[in-house]
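> Have a look at the structure that comes next, please.
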Amino acid sequence: MLMIPDSLRDHLATQLDTSIEGCAAVSGGCIANGCRLETGQGSYFLKWGEENVARTFPGEAAGLDALRRAAESISVPDVVETEPPSDQRPGFLLLQWINAGRQGRRFWETFGRGLAEMHRSTEKQYGFDRSNYIGRLPQENDWEHDWITFFRKHRLEPQVERARADDRWEAEWDEYLDALFLNLSDLLPAQPPASILHGDLWKGNFMVTATGEPAVIDPATYYGHREADLAMTELFGGFDTRFYDAYNEAWPVEDGYETRRDVYNLYHLINHLNHFGESYAGSVRKTLSALATV
C-alpha cells in the first residue's frame, strides 16, 4: 500500500464521511502522486501533490467535466472534488474510479465513432474557460476568433519561447520557423468548427473499462480544430486502423490532413523537448524543416 500524508487521509475521511482503508499505487503518470483510494463506500482515484503539482488539478478537473458533458460513447471519470494545498496538507484531485478490463469486439469502432461524436460539441471561439497544463507546463487558452491566430499565439509561440529560455532551441531552426509562420495561413483553416478536444490524446491517456468500452483520462482540454486530437493519436502510435476508419465514417477529415497533422504535432514535439530535453531535438528539427518547404 502507498502511504498518503496523515493530514490528507484525515481530510478525505471528513469530506467523504467515511473511513479511509488504504491507498494502492497505480502505474502511469510522472507528475503527481496517484493511487486507488479504498474507502468504506468504495474506490476512488486520488492524485495529490504540493503547489507545483496541485496547480494542474483545477484545469484537469474542468477539462474532465467538459469532456464528460460532450462524450456519449466514451467514458470520462466524474470529478468528486479538488482542493489546493493548505498549510496542513497537499492539494488533491479525487476522481471516480474506473475499473479496467479487456477490449470488447467493437472497441476501436466505438472509440473512433465516439471521438467524432464528442468533437461535434463546439464553441463559437477557440480556447477554453481557463488555461490549464500540458504535462507539467502551462497551456494558454485565451479565447480567439481565428484558429490560426490561436494556434500560433497560444500553442507554438509559448513552447518556442520556453525552449529558447531553457537553451533548448537551436539557432538554425529560426529560418524554418519563420517560413512556417509565413505559410501558416495556407496550411491551416482559419475557421474550422471549434470542437471540444481532449488535448493530449496519446495511448497513455485512454483506457479500457471493465465492460470493454473506451474511457479517456488526463486531458488538456480546449476548443479547437478536431484534427489536432487525431494528429496526437498518430504521434506515438497505439491506435488501431479501425479507430481511424470509424472516425472518418462518422466525420471524414478533409484533404491535406497529413500536412496539418505535422503542424499540430509540432506543438507536442516542442513540448516534449521542453519536458525531456535533447532526445526530441531531432524530431523537432526534422518536422520544422519539412514544414518549411511545404
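Every chain in the C-alpha cells has a letter given in the order shown (A, B, ...), and although residue numbers restart at 1 in each chain, ligands are simply numbered from 1 in the order shown.
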Set the distance at 8 Å and use only C-alpha atoms: which residues neighbour Pro85 (chain A) once local chain neighbours fewer than 2 positions away are removed? I'd like the list as an mmCIF file with N, CA, C and O atoms, in the first residue's frame.

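Result file result_23.cif:
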```cif
data_model
loop_
_atom_site.group_PDB
_atom_site.id
_atom_site.type_symbol
_atom_site.label_atom_id
_atom_site.label_comp_id
_atom_site.auth_asym_id
_atom_site.auth_seq_id
_atom_site.Cartn_x
_atom_site.Cartn_y
_atom_site.Cartn_z
ATOM 1 N N GLY A 49 -0.348 16.404 -4.419
ATOM 2 C CA GLY A 49 0.983 16.975 -4.523
ATOM 3 C C GLY A 49 1.003 18.387 -3.971
ATOM 4 O O GLY A 49 -0.039 18.977 -3.675
ATOM 5 N N GLU A 50 2.209 18.922 -3.835
ATOM 6 C CA GLU A 50 2.360 20.292 -3.372
ATOM 7 C C GLU A 50 2.018 21.262 -4.498
ATOM 8 O O GLU A 50 1.624 20.860 -5.584
ATOM 9 N N GLU A 51 2.203 22.554 -4.257
ATOM 10 C CA GLU A 51 1.686 23.589 -5.149
ATOM 11 C C GLU A 51 2.129 23.413 -6.601
ATOM 12 O O GLU A 51 1.326 23.569 -7.519
ATOM 13 N N ALA A 54 -0.081 20.520 -7.664
ATOM 14 C CA ALA A 54 -1.517 20.728 -7.454
ATOM 15 C C ALA A 54 -2.085 21.825 -8.342
ATOM 16 O O ALA A 54 -3.295 21.842 -8.611
ATOM 17 N N GLU A 83 -9.023 20.291 -4.374
ATOM 18 C CA GLU A 83 -8.728 21.402 -3.478
ATOM 19 C C GLU A 83 -7.246 21.741 -3.569
ATOM 20 O O GLU A 83 -6.404 20.846 -3.758
ATOM 21 N N ASP A 87 -1.847 24.789 4.586
ATOM 22 C CA ASP A 87 -0.682 24.698 5.463
ATOM 23 C C ASP A 87 -0.542 23.307 6.071
ATOM 24 O O ASP A 87 0.553 22.892 6.469
ATOM 25 N N GLN A 88 -1.670 22.579 6.114
ATOM 26 C CA GLN A 88 -1.656 21.289 6.786
ATOM 27 C C GLN A 88 -1.492 20.089 5.845
ATOM 28 O O GLN A 88 -1.037 19.025 6.255
ATOM 29 N N ARG A 89 -1.869 20.246 4.569
ATOM 30 C CA ARG A 89 -1.903 19.070 3.685
ATOM 31 C C ARG A 89 -1.631 19.475 2.242
ATOM 32 O O ARG A 89 -1.760 20.645 1.865
ATOM 33 N N PRO A 90 -1.285 18.499 1.385
ATOM 34 C CA PRO A 90 -1.092 18.790 -0.038
ATOM 35 C C PRO A 90 -2.428 19.001 -0.741
ATOM 36 O O PRO A 90 -3.493 18.659 -0.214
ATOM 37 N N GLY A 91 -2.364 19.566 -1.949
ATOM 38 C CA GLY A 91 -3.559 19.658 -2.770
ATOM 39 C C GLY A 91 -3.896 18.300 -3.367
ATOM 40 O O GLY A 91 -3.058 17.402 -3.426
ATOM 41 N N PHE A 92 -5.156 18.153 -3.817
ATOM 42 C CA PHE A 92 -5.548 16.843 -4.338
ATOM 43 C C PHE A 92 -6.637 16.972 -5.397
ATOM 44 O O PHE A 92 -7.335 17.987 -5.496
#
```
> Excluding same-chain residues fewer than 6 positions from Asp245 (chain A), what lies within 10 Å of it counting only C-alpha atoms, as a list in words?
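In the requested format, the answer is Trp108, Glu109, Gly112, Arg113, Trp251 and Pro252 of chain A.
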> Let's have the selection written as a PDB file, in the first residue's frame, with C-alpha atoms.

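The result, stored in selection-v5.pdb:
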```pdb
ATOM      1  CA  TRP A 108     -11.899   0.601 -31.729  1.00  0.00           C
ATOM      2  CA  GLU A 109     -15.010   1.313 -33.756  1.00  0.00           C
ATOM      3  CA  GLY A 112     -13.382   6.280 -33.237  1.00  0.00           C
ATOM      4  CA  ARG A 113     -17.072   6.969 -33.646  1.00  0.00           C
ATOM      5  CA  TRP A 251     -16.939  12.636 -39.778  1.00  0.00           C
ATOM      6  CA  PRO A 252     -14.352  12.467 -42.580  1.00  0.00           C
TER       7      PRO A 252
END
```
> Taking 4 positions as the minimum chain separation for residues in the same chain, which residues sit within 10 Å of Lys153 (chain A) when counting only C-alpha atoms? Answer as a ChimeraX atom specification.
/A:140-142,144,147-149,157-159
> As a list in words, which residues of region 176-213 of chain A does DSSP assign to helix (DSSP H, G or I)?
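Residues meeting the helix (DSSP H, G or I) criterion: Tyr176, Leu177, Asp178, Ala179, Leu180, Phe181, Leu182, Asn183, Leu184, Ser185, Asp186, Leu187, Lys203, Gly204 and Asn205 of chain A.
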> Write to file, as a short mmCIF file (atom, residue, chain, number, x, y, z; two decimals), in the first residue's frame, the residues of the selection just made, with C-alpha atoms.

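The resulting selection.cif:
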```cif
data_model
loop_
_atom_site.label_atom_id
_atom_site.label_comp_id
_atom_site.auth_asym_id
_atom_site.auth_seq_id
_atom_site.Cartn_x
_atom_site.Cartn_y
_atom_site.Cartn_z
CA TYR A 176 12.39 27.07 -40.61
CA LEU A 177 10.07 28.60 -38.03
CA ASP A 178 9.86 31.91 -39.89
CA ALA A 179 8.95 30.07 -43.09
CA LEU A 180 6.30 28.04 -41.27
CA PHE A 181 4.72 31.11 -39.71
CA LEU A 182 4.74 32.85 -43.10
CA ASN A 183 2.84 29.92 -44.63
CA LEU A 184 0.60 29.06 -41.70
CA SER A 185 -2.46 30.68 -43.27
CA ASP A 186 -2.01 28.39 -46.29
CA LEU A 187 -1.57 25.29 -44.17
CA LYS A 203 -2.09 5.96 -26.00
CA GLY A 204 -1.29 6.56 -22.34
CA ASN A 205 -4.40 8.68 -21.87
#
```
> What's the 9 Å shell around region 95-100 of chain A, counting only C-alpha atoms, without same-chain residues fewer than 2 positions away, as a ChimeraX atom specification?
/A:36-37,42-47,61,75-82,93,102,207-212,215
> Take the residues from that selection and put them in a file with N, CA, C and O atoms, as a compact mmCIF listing (two decimals), in the first residue's frame.

```txt
# COMPACT_ATOMS: atom_id res chain seq x y z
N ARG A 36 -5.13 4.23 -6.04
CA ARG A 36 -6.52 3.80 -5.88
C ARG A 36 -6.85 3.91 -4.40
O ARG A 36 -6.31 3.17 -3.57
N LEU A 37 -7.71 4.85 -4.06
CA LEU A 37 -8.08 5.10 -2.68
C LEU A 37 -9.23 4.18 -2.29
O LEU A 37 -10.31 4.23 -2.89
N GLY A 42 -16.39 2.59 -1.12
CA GLY A 42 -15.94 2.23 -2.46
C GLY A 42 -14.59 2.82 -2.81
O GLY A 42 -13.89 3.38 -1.95
N SER A 43 -14.20 2.70 -4.08
CA SER A 43 -12.89 3.11 -4.55
C SER A 43 -12.95 4.44 -5.30
O SER A 43 -13.94 4.74 -5.97
N TYR A 44 -11.85 5.19 -5.21
CA TYR A 44 -11.68 6.43 -5.95
C TYR A 44 -10.26 6.47 -6.51
O TYR A 44 -9.37 5.74 -6.04
N PHE A 45 -10.06 7.33 -7.49
CA PHE A 45 -8.71 7.61 -7.95
C PHE A 45 -8.27 8.93 -7.33
O PHE A 45 -8.96 9.94 -7.46
N LEU A 46 -7.12 8.92 -6.67
CA LEU A 46 -6.63 10.10 -5.96
C LEU A 46 -5.29 10.53 -6.51
O LEU A 46 -4.37 9.70 -6.64
N LYS A 47 -5.18 11.82 -6.84
CA LYS A 47 -3.89 12.45 -7.13
C LYS A 47 -3.63 13.48 -6.05
O LYS A 47 -4.55 14.15 -5.59
N ALA A 61 -9.58 19.07 -13.84
CA ALA A 61 -10.96 18.84 -13.40
C ALA A 61 -11.95 19.52 -14.33
O ALA A 61 -12.97 18.92 -14.73
N SER A 75 -16.32 6.92 -22.00
CA SER A 75 -16.43 7.20 -20.56
C SER A 75 -15.39 8.23 -20.14
O SER A 75 -14.26 8.24 -20.63
N VAL A 76 -15.80 9.11 -19.24
CA VAL A 76 -14.91 10.12 -18.66
C VAL A 76 -15.17 10.09 -17.16
O VAL A 76 -16.32 10.18 -16.72
N PRO A 77 -14.13 9.97 -16.33
CA PRO A 77 -14.37 9.86 -14.88
C PRO A 77 -14.99 11.12 -14.30
O PRO A 77 -14.64 12.24 -14.69
N ASP A 78 -15.91 10.94 -13.38
CA ASP A 78 -16.51 12.05 -12.65
C ASP A 78 -15.47 12.68 -11.72
O ASP A 78 -14.65 11.98 -11.11
N VAL A 79 -15.54 14.00 -11.61
CA VAL A 79 -14.72 14.71 -10.64
C VAL A 79 -15.48 14.75 -9.32
O VAL A 79 -16.58 15.30 -9.25
N VAL A 80 -14.91 14.16 -8.28
CA VAL A 80 -15.55 14.16 -6.97
C VAL A 80 -15.21 15.45 -6.23
O VAL A 80 -16.09 16.13 -5.71
N GLU A 81 -13.92 15.81 -6.22
CA GLU A 81 -13.52 17.02 -5.52
C GLU A 81 -12.07 17.34 -5.86
O GLU A 81 -11.26 16.44 -6.14
N THR A 82 -11.74 18.61 -5.88
CA THR A 82 -10.35 19.04 -5.97
C THR A 82 -10.16 20.25 -5.07
O THR A 82 -11.04 21.12 -4.99
N LEU A 93 -6.75 15.91 -6.17
CA LEU A 93 -7.83 15.74 -7.14
C LEU A 93 -8.39 14.34 -6.93
O LEU A 93 -7.65 13.35 -7.02
N ARG A 102 -10.75 -5.73 -20.58
CA ARG A 102 -10.20 -6.08 -21.88
C ARG A 102 -11.06 -5.48 -22.98
O ARG A 102 -12.28 -5.33 -22.83
N MET A 207 -8.09 4.31 -21.74
CA MET A 207 -8.11 3.01 -21.09
C MET A 207 -9.33 2.23 -21.52
O MET A 207 -10.23 2.77 -22.18
N VAL A 208 -9.34 0.97 -21.18
CA VAL A 208 -10.46 0.09 -21.48
C VAL A 208 -11.20 -0.19 -20.19
O VAL A 208 -10.59 -0.60 -19.19
N THR A 209 -12.50 0.05 -20.17
CA THR A 209 -13.29 -0.16 -18.97
C THR A 209 -13.57 -1.64 -18.75
O THR A 209 -13.29 -2.49 -19.60
N ALA A 210 -14.13 -1.95 -17.60
CA ALA A 210 -14.44 -3.35 -17.27
C ALA A 210 -15.42 -3.97 -18.25
O ALA A 210 -15.45 -5.19 -18.41
N THR A 211 -16.23 -3.14 -18.92
CA THR A 211 -17.17 -3.65 -19.91
C THR A 211 -16.61 -3.61 -21.32
O THR A 211 -17.33 -3.84 -22.29
N GLY A 212 -15.30 -3.31 -21.45
CA GLY A 212 -14.65 -3.35 -22.75
C GLY A 212 -14.80 -2.11 -23.59
O GLY A 212 -14.51 -2.13 -24.79
N ALA A 215 -12.43 4.73 -22.43
CA ALA A 215 -12.50 5.84 -21.49
C ALA A 215 -11.27 6.71 -21.72
O ALA A 215 -10.22 6.22 -22.13
```
> Taking only C-alpha atoms into account, name the residue in A:Ala13, A:Ala25, A:Leu8, A:Val263 that is nearest to Trp48 (chain A).
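Using only C-alpha atoms, the shortest distance to Trp48 (chain A) belongs to A:Leu8.
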> Work out how far apart CA of Leu156 (chain A) and CA of Asp262 (chain A) are and give it in Å to one decimal.
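The value is 12.5 Å.
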> Which residue out of A:Ile31, A:Leu273, A:Trp173, A:His119 has the minimum interatomic distance to Ala228 (chain A) when only C-alpha atoms are used?
A:His119
> Which residues, written as a PDB file with all heavy atoms, in the first residue's frame, have at least one atom at most 12 Å from Arg68 (chain A), with only C-alpha atoms counted and residues fewer than 4 positions away on the same chain left out?

```
ATOM      1  N   ALA A  61      -9.583  19.067 -13.838  1.00  0.00           N
ATOM      2  CA  ALA A  61     -10.963  18.838 -13.400  1.00  0.00           C
ATOM      3  C   ALA A  61     -11.953  19.521 -14.333  1.00  0.00           C
ATOM      4  O   ALA A  61     -12.970  18.925 -14.725  1.00  0.00           O
ATOM      5  CB  ALA A  61     -11.139  19.350 -11.972  1.00  0.00           C
ATOM      6  N   ALA A  62     -11.668  20.766 -14.715  1.00  0.00           N
ATOM      7  CA  ALA A  62     -12.564  21.481 -15.633  1.00  0.00           C
ATOM      8  C   ALA A  62     -12.627  20.789 -16.983  1.00  0.00           C
ATOM      9  O   ALA A  62     -13.695  20.700 -17.602  1.00  0.00           O
ATOM     10  CB  ALA A  62     -12.084  22.927 -15.799  1.00  0.00           C
ATOM     11  N   GLY A  63     -11.490  20.283 -17.444  1.00  0.00           N
ATOM     12  CA  GLY A  63     -11.471  19.566 -18.714  1.00  0.00           C
ATOM     13  C   GLY A  63     -12.270  18.280 -18.663  1.00  0.00           C
ATOM     14  O   GLY A  63     -13.022  17.961 -19.592  1.00  0.00           O
ATOM     15  N   LEU A  64     -12.120  17.535 -17.593  1.00  0.00           N
ATOM     16  CA  LEU A  64     -12.891  16.292 -17.445  1.00  0.00           C
ATOM     17  C   LEU A  64     -14.388  16.575 -17.420  1.00  0.00           C
ATOM     18  O   LEU A  64     -15.181  15.857 -18.051  1.00  0.00           O
ATOM     19  CB  LEU A  64     -12.466  15.565 -16.171  1.00  0.00           C
ATOM     20  CG  LEU A  64     -11.086  14.909 -16.186  1.00  0.00           C
ATOM     21  CD1 LEU A  64     -10.683  14.474 -14.789  1.00  0.00           C
ATOM     22  CD2 LEU A  64     -11.056  13.722 -17.151  1.00  0.00           C
ATOM     23  N   GLU A  72     -20.542  10.813 -25.495  1.00  0.00           N
ATOM     24  CA  GLU A  72     -21.689   9.917 -25.426  1.00  0.00           C
ATOM     25  C   GLU A  72     -21.255   8.459 -25.347  1.00  0.00           C
ATOM     26  O   GLU A  72     -21.769   7.697 -24.537  1.00  0.00           O
ATOM     27  CB  GLU A  72     -22.597  10.128 -26.642  1.00  0.00           C
ATOM     28  CG  GLU A  72     -23.189  11.528 -26.730  1.00  0.00           C
ATOM     29  CD  GLU A  72     -24.071  11.710 -27.949  1.00  0.00           C
ATOM     30  OE1 GLU A  72     -24.381  10.704 -28.614  1.00  0.00           O
ATOM     31  OE2 GLU A  72     -24.442  12.856 -28.257  1.00  0.00           O
ATOM     32  N   SER A  73     -20.315   8.068 -26.185  1.00  0.00           N
ATOM     33  CA  SER A  73     -19.888   6.671 -26.258  1.00  0.00           C
ATOM     34  C   SER A  73     -18.545   6.435 -25.591  1.00  0.00           C
ATOM     35  O   SER A  73     -18.052   5.309 -25.592  1.00  0.00           O
ATOM     36  CB  SER A  73     -19.803   6.234 -27.729  1.00  0.00           C
ATOM     37  OG  SER A  73     -21.030   6.449 -28.397  1.00  0.00           O
ATOM     38  N   ILE A  74     -17.945   7.475 -25.031  1.00  0.00           N
ATOM     39  CA  ILE A  74     -16.653   7.372 -24.356  1.00  0.00           C
ATOM     40  C   ILE A  74     -16.849   7.743 -22.894  1.00  0.00           C
ATOM     41  O   ILE A  74     -17.473   8.761 -22.582  1.00  0.00           O
ATOM     42  CB  ILE A  74     -15.615   8.317 -25.000  1.00  0.00           C
ATOM     43  CG1 ILE A  74     -15.405   7.961 -26.477  1.00  0.00           C
ATOM     44  CG2 ILE A  74     -14.296   8.268 -24.247  1.00  0.00           C
ATOM     45  CD1 ILE A  74     -14.493   8.930 -27.210  1.00  0.00           C
ATOM     46  N   SER A  75     -16.319   6.922 -21.998  1.00  0.00           N
ATOM     47  CA  SER A  75     -16.431   7.199 -20.565  1.00  0.00           C
ATOM     48  C   SER A  75     -15.393   8.235 -20.144  1.00  0.00           C
ATOM     49  O   SER A  75     -14.259   8.236 -20.630  1.00  0.00           O
ATOM     50  CB  SER A  75     -16.233   5.925 -19.755  1.00  0.00           C
ATOM     51  OG  SER A  75     -17.280   5.000 -20.004  1.00  0.00           O
ATOM     52  N   VAL A  76     -15.797   9.107 -19.242  1.00  0.00           N
ATOM     53  CA  VAL A  76     -14.914  10.115 -18.658  1.00  0.00           C
ATOM     54  C   VAL A  76     -15.166  10.089 -17.156  1.00  0.00           C
ATOM     55  O   VAL A  76     -16.320  10.176 -16.721  1.00  0.00           O
ATOM     56  CB  VAL A  76     -15.206  11.528 -19.223  1.00  0.00           C
ATOM     57  CG1 VAL A  76     -14.241  12.547 -18.620  1.00  0.00           C
ATOM     58  CG2 VAL A  76     -15.127  11.533 -20.743  1.00  0.00           C
ATOM     59  N   PRO A  77     -14.133   9.968 -16.334  1.00  0.00           N
ATOM     60  CA  PRO A  77     -14.372   9.862 -14.883  1.00  0.00           C
ATOM     61  C   PRO A  77     -14.995  11.124 -14.302  1.00  0.00           C
ATOM     62  O   PRO A  77     -14.643  12.242 -14.689  1.00  0.00           O
ATOM     63  CB  PRO A  77     -12.976   9.614 -14.305  1.00  0.00           C
ATOM     64  CG  PRO A  77     -12.024  10.092 -15.352  1.00  0.00           C
ATOM     65  CD  PRO A  77     -12.702   9.862 -16.659  1.00  0.00           C
ATOM     66  N   ASP A  78     -15.914  10.935 -13.377  1.00  0.00           N
ATOM     67  CA  ASP A  78     -16.508  12.054 -12.645  1.00  0.00           C
ATOM     68  C   ASP A  78     -15.471  12.680 -11.719  1.00  0.00           C
ATOM     69  O   ASP A  78     -14.655  11.976 -11.110  1.00  0.00           O
ATOM     70  CB  ASP A  78     -17.678  11.569 -11.777  1.00  0.00           C
ATOM     71  CG  ASP A  78     -18.880  11.158 -12.603  1.00  0.00           C
ATOM     72  OD1 ASP A  78     -19.082  11.733 -13.673  1.00  0.00           O
ATOM     73  OD2 ASP A  78     -19.602  10.252 -12.154  1.00  0.00           O
ATOM     74  N   VAL A  79     -15.542  14.000 -11.614  1.00  0.00           N
ATOM     75  CA  VAL A  79     -14.716  14.708 -10.643  1.00  0.00           C
ATOM     76  C   VAL A  79     -15.480  14.750  -9.322  1.00  0.00           C
ATOM     77  O   VAL A  79     -16.583  15.296  -9.255  1.00  0.00           O
ATOM     78  CB  VAL A  79     -14.391  16.135 -11.114  1.00  0.00           C
ATOM     79  CG1 VAL A  79     -13.605  16.885 -10.032  1.00  0.00           C
ATOM     80  CG2 VAL A  79     -13.605  16.106 -12.422  1.00  0.00           C
ATOM     81  N   GLY A 114     -17.020   7.452 -31.262  1.00  0.00           N
ATOM     82  CA  GLY A 114     -17.281   8.258 -30.077  1.00  0.00           C
ATOM     83  C   GLY A 114     -16.491   9.544 -30.062  1.00  0.00           C
ATOM     84  O   GLY A 114     -17.001  10.588 -29.622  1.00  0.00           O
ATOM     85  N   LEU A 115     -15.247   9.503 -30.555  1.00  0.00           N
ATOM     86  CA  LEU A 115     -14.455  10.726 -30.610  1.00  0.00           C
ATOM     87  C   LEU A 115     -15.059  11.710 -31.605  1.00  0.00           C
ATOM     88  O   LEU A 115     -15.136  12.919 -31.335  1.00  0.00           O
ATOM     89  CB  LEU A 115     -13.007  10.411 -30.992  1.00  0.00           C
ATOM     90  CG  LEU A 115     -12.065  11.618 -30.976  1.00  0.00           C
ATOM     91  CD1 LEU A 115     -11.920  12.186 -29.566  1.00  0.00           C
ATOM     92  CD2 LEU A 115     -10.689  11.238 -31.544  1.00  0.00           C
ATOM     93  N   MET A 118     -17.979  13.261 -29.963  1.00  0.00           N
ATOM     94  CA  MET A 118     -17.555  14.245 -28.975  1.00  0.00           C
ATOM     95  C   MET A 118     -17.129  15.541 -29.655  1.00  0.00           C
ATOM     96  O   MET A 118     -17.433  16.645 -29.179  1.00  0.00           O
ATOM     97  CB  MET A 118     -16.408  13.676 -28.145  1.00  0.00           C
ATOM     98  CG  MET A 118     -16.051  14.493 -26.914  1.00  0.00           C
ATOM     99  SD  MET A 118     -14.630  13.803 -26.035  1.00  0.00           S
ATOM    100  CE  MET A 118     -13.288  14.457 -27.051  1.00  0.00           C
ATOM    101  N   SER A 121     -19.407  18.560 -30.383  1.00  0.00           N
ATOM    102  CA  SER A 121     -19.702  19.572 -29.370  1.00  0.00           C
ATOM    103  C   SER A 121     -18.758  20.752 -29.595  1.00  0.00           C
ATOM    104  O   SER A 121     -17.533  20.607 -29.479  1.00  0.00           O
ATOM    105  CB  SER A 121     -19.496  18.984 -27.965  1.00  0.00           C
ATOM    106  OG  SER A 121     -19.736  19.952 -26.974  1.00  0.00           O
ATOM    107  N   ILE A 196     -14.666  20.544 -29.056  1.00  0.00           N
ATOM    108  CA  ILE A 196     -14.018  20.251 -27.787  1.00  0.00           C
ATOM    109  C   ILE A 196     -12.968  19.178 -28.024  1.00  0.00           C
ATOM    110  O   ILE A 196     -13.210  18.189 -28.721  1.00  0.00           O
ATOM    111  CB  ILE A 196     -15.037  19.805 -26.716  1.00  0.00           C
ATOM    112  CG1 ILE A 196     -14.366  19.818 -25.345  1.00  0.00           C
ATOM    113  CG2 ILE A 196     -15.651  18.439 -27.026  1.00  0.00           C
ATOM    114  CD1 ILE A 196     -15.313  19.708 -24.191  1.00  0.00           C
ATOM    115  N   LEU A 197     -11.779  19.390 -27.485  1.00  0.00           N
ATOM    116  CA  LEU A 197     -10.663  18.473 -27.683  1.00  0.00           C
ATOM    117  C   LEU A 197     -10.187  17.908 -26.351  1.00  0.00           C
ATOM    118  O   LEU A 197     -10.208  18.599 -25.329  1.00  0.00           O
ATOM    119  CB  LEU A 197      -9.488  19.201 -28.350  1.00  0.00           C
ATOM    120  CG  LEU A 197      -9.760  19.921 -29.670  1.00  0.00           C
ATOM    121  CD1 LEU A 197      -8.466  20.531 -30.207  1.00  0.00           C
ATOM    122  CD2 LEU A 197     -10.375  18.987 -30.685  1.00  0.00           C
ATOM    123  N   HIS A 198      -9.742  16.668 -26.399  1.00  0.00           N
ATOM    124  CA  HIS A 198      -9.058  16.108 -25.230  1.00  0.00           C
ATOM    125  C   HIS A 198      -7.768  16.880 -24.997  1.00  0.00           C
ATOM    126  O   HIS A 198      -7.433  17.239 -23.869  1.00  0.00           O
ATOM    127  CB  HIS A 198      -8.769  14.622 -25.454  1.00  0.00           C
ATOM    128  CG  HIS A 198      -8.019  13.976 -24.336  1.00  0.00           C
ATOM    129  ND1 HIS A 198      -6.658  14.120 -24.162  1.00  0.00           N
ATOM    130  CD2 HIS A 198      -8.446  13.187 -23.316  1.00  0.00           C
ATOM    131  CE1 HIS A 198      -6.277  13.445 -23.095  1.00  0.00           C
ATOM    132  NE2 HIS A 198      -7.339  12.860 -22.555  1.00  0.00           N
ATOM    133  N   ALA A 215     -12.431   4.728 -22.432  1.00  0.00           N
ATOM    134  CA  ALA A 215     -12.501   5.843 -21.488  1.00  0.00           C
ATOM    135  C   ALA A 215     -11.271   6.710 -21.716  1.00  0.00           C
ATOM    136  O   ALA A 215     -10.221   6.216 -22.126  1.00  0.00           O
ATOM    137  CB  ALA A 215     -12.548   5.345 -20.053  1.00  0.00           C
ATOM    138  N   VAL A 216     -11.402   8.005 -21.463  1.00  0.00           N
ATOM    139  CA  VAL A 216     -10.249   8.908 -21.595  1.00  0.00           C
ATOM    140  C   VAL A 216      -9.961   9.567 -20.258  1.00  0.00           C
ATOM    141  O   VAL A 216     -10.866   9.819 -19.455  1.00  0.00           O
ATOM    142  CB  VAL A 216     -10.485   9.978 -22.687  1.00  0.00           C
ATOM    143  CG1 VAL A 216     -10.540   9.331 -24.062  1.00  0.00           C
ATOM    144  CG2 VAL A 216     -11.733  10.802 -22.427  1.00  0.00           C
ATOM    145  N   ILE A 217      -8.685   9.840 -20.022  1.00  0.00           N
ATOM    146  CA  ILE A 217      -8.228  10.425 -18.765  1.00  0.00           C
ATOM    147  C   ILE A 217      -7.172  11.487 -19.067  1.00  0.00           C
ATOM    148  O   ILE A 217      -6.747  11.649 -20.211  1.00  0.00           O
ATOM    149  CB  ILE A 217      -7.630   9.342 -17.836  1.00  0.00           C
ATOM    150  CG1 ILE A 217      -6.504   8.589 -18.546  1.00  0.00           C
ATOM    151  CG2 ILE A 217      -8.719   8.372 -17.385  1.00  0.00           C
ATOM    152  CD1 ILE A 217      -5.769   7.572 -17.686  1.00  0.00           C
ATOM    153  N   PRO A 219      -6.777  14.895 -19.443  1.00  0.00           N
ATOM    154  CA  PRO A 219      -6.892  15.784 -20.600  1.00  0.00           C
ATOM    155  C   PRO A 219      -6.154  17.103 -20.421  1.00  0.00           C
ATOM    156  O   PRO A 219      -5.780  17.490 -19.308  1.00  0.00           O
ATOM    157  CB  PRO A 219      -8.400  16.039 -20.676  1.00  0.00           C
ATOM    158  CG  PRO A 219      -8.826  16.020 -19.237  1.00  0.00           C
ATOM    159  CD  PRO A 219      -7.980  14.951 -18.587  1.00  0.00           C
ATOM    160  N   THR A 221      -7.738  19.976 -22.011  1.00  0.00           N
ATOM    161  CA  THR A 221      -8.901  20.306 -22.830  1.00  0.00           C
ATOM    162  C   THR A 221      -8.928  21.753 -23.306  1.00  0.00           C
ATOM    163  O   THR A 221      -8.547  22.663 -22.589  1.00  0.00           O
ATOM    164  CB  THR A 221     -10.185  20.010 -22.029  1.00  0.00           C
ATOM    165  OG1 THR A 221     -10.175  18.631 -21.646  1.00  0.00           O
ATOM    166  CG2 THR A 221     -11.431  20.304 -22.841  1.00  0.00           C
TER     167      THR A 221
END
```
> Select, from A:Leu188, A:Leu269, A:Val284, A:Leu201, the residue with the minimum atom-to-atom distance to Glu254 (chain A), counting only C-alpha atoms.
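Counting only C-alpha atoms, the residue closest to Glu254 (chain A) is A:Leu188.
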> So what do you get for CA of Thr287 (chain A) versus CA of Met232 (chain A), distance-wise?
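It comes out at 14.2 Å.
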> Find the residues around Arg285 (chain A) up to 12 Å (only C-alpha atoms counted), leave out those fewer than 6 positions away in its own chain, and share them as number ranges by chain.
A: 168-177, 266, 269-270, 273, 278-279, 291-292
> Please measure the separation of CA of Val294 (chain A) and CA of Glu258 (chain A), giving the value in Å to one decimal.
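Atom-to-atom, CA of Val294 (chain A) and CA of Glu258 (chain A) are spaced 11.4 Å apart.
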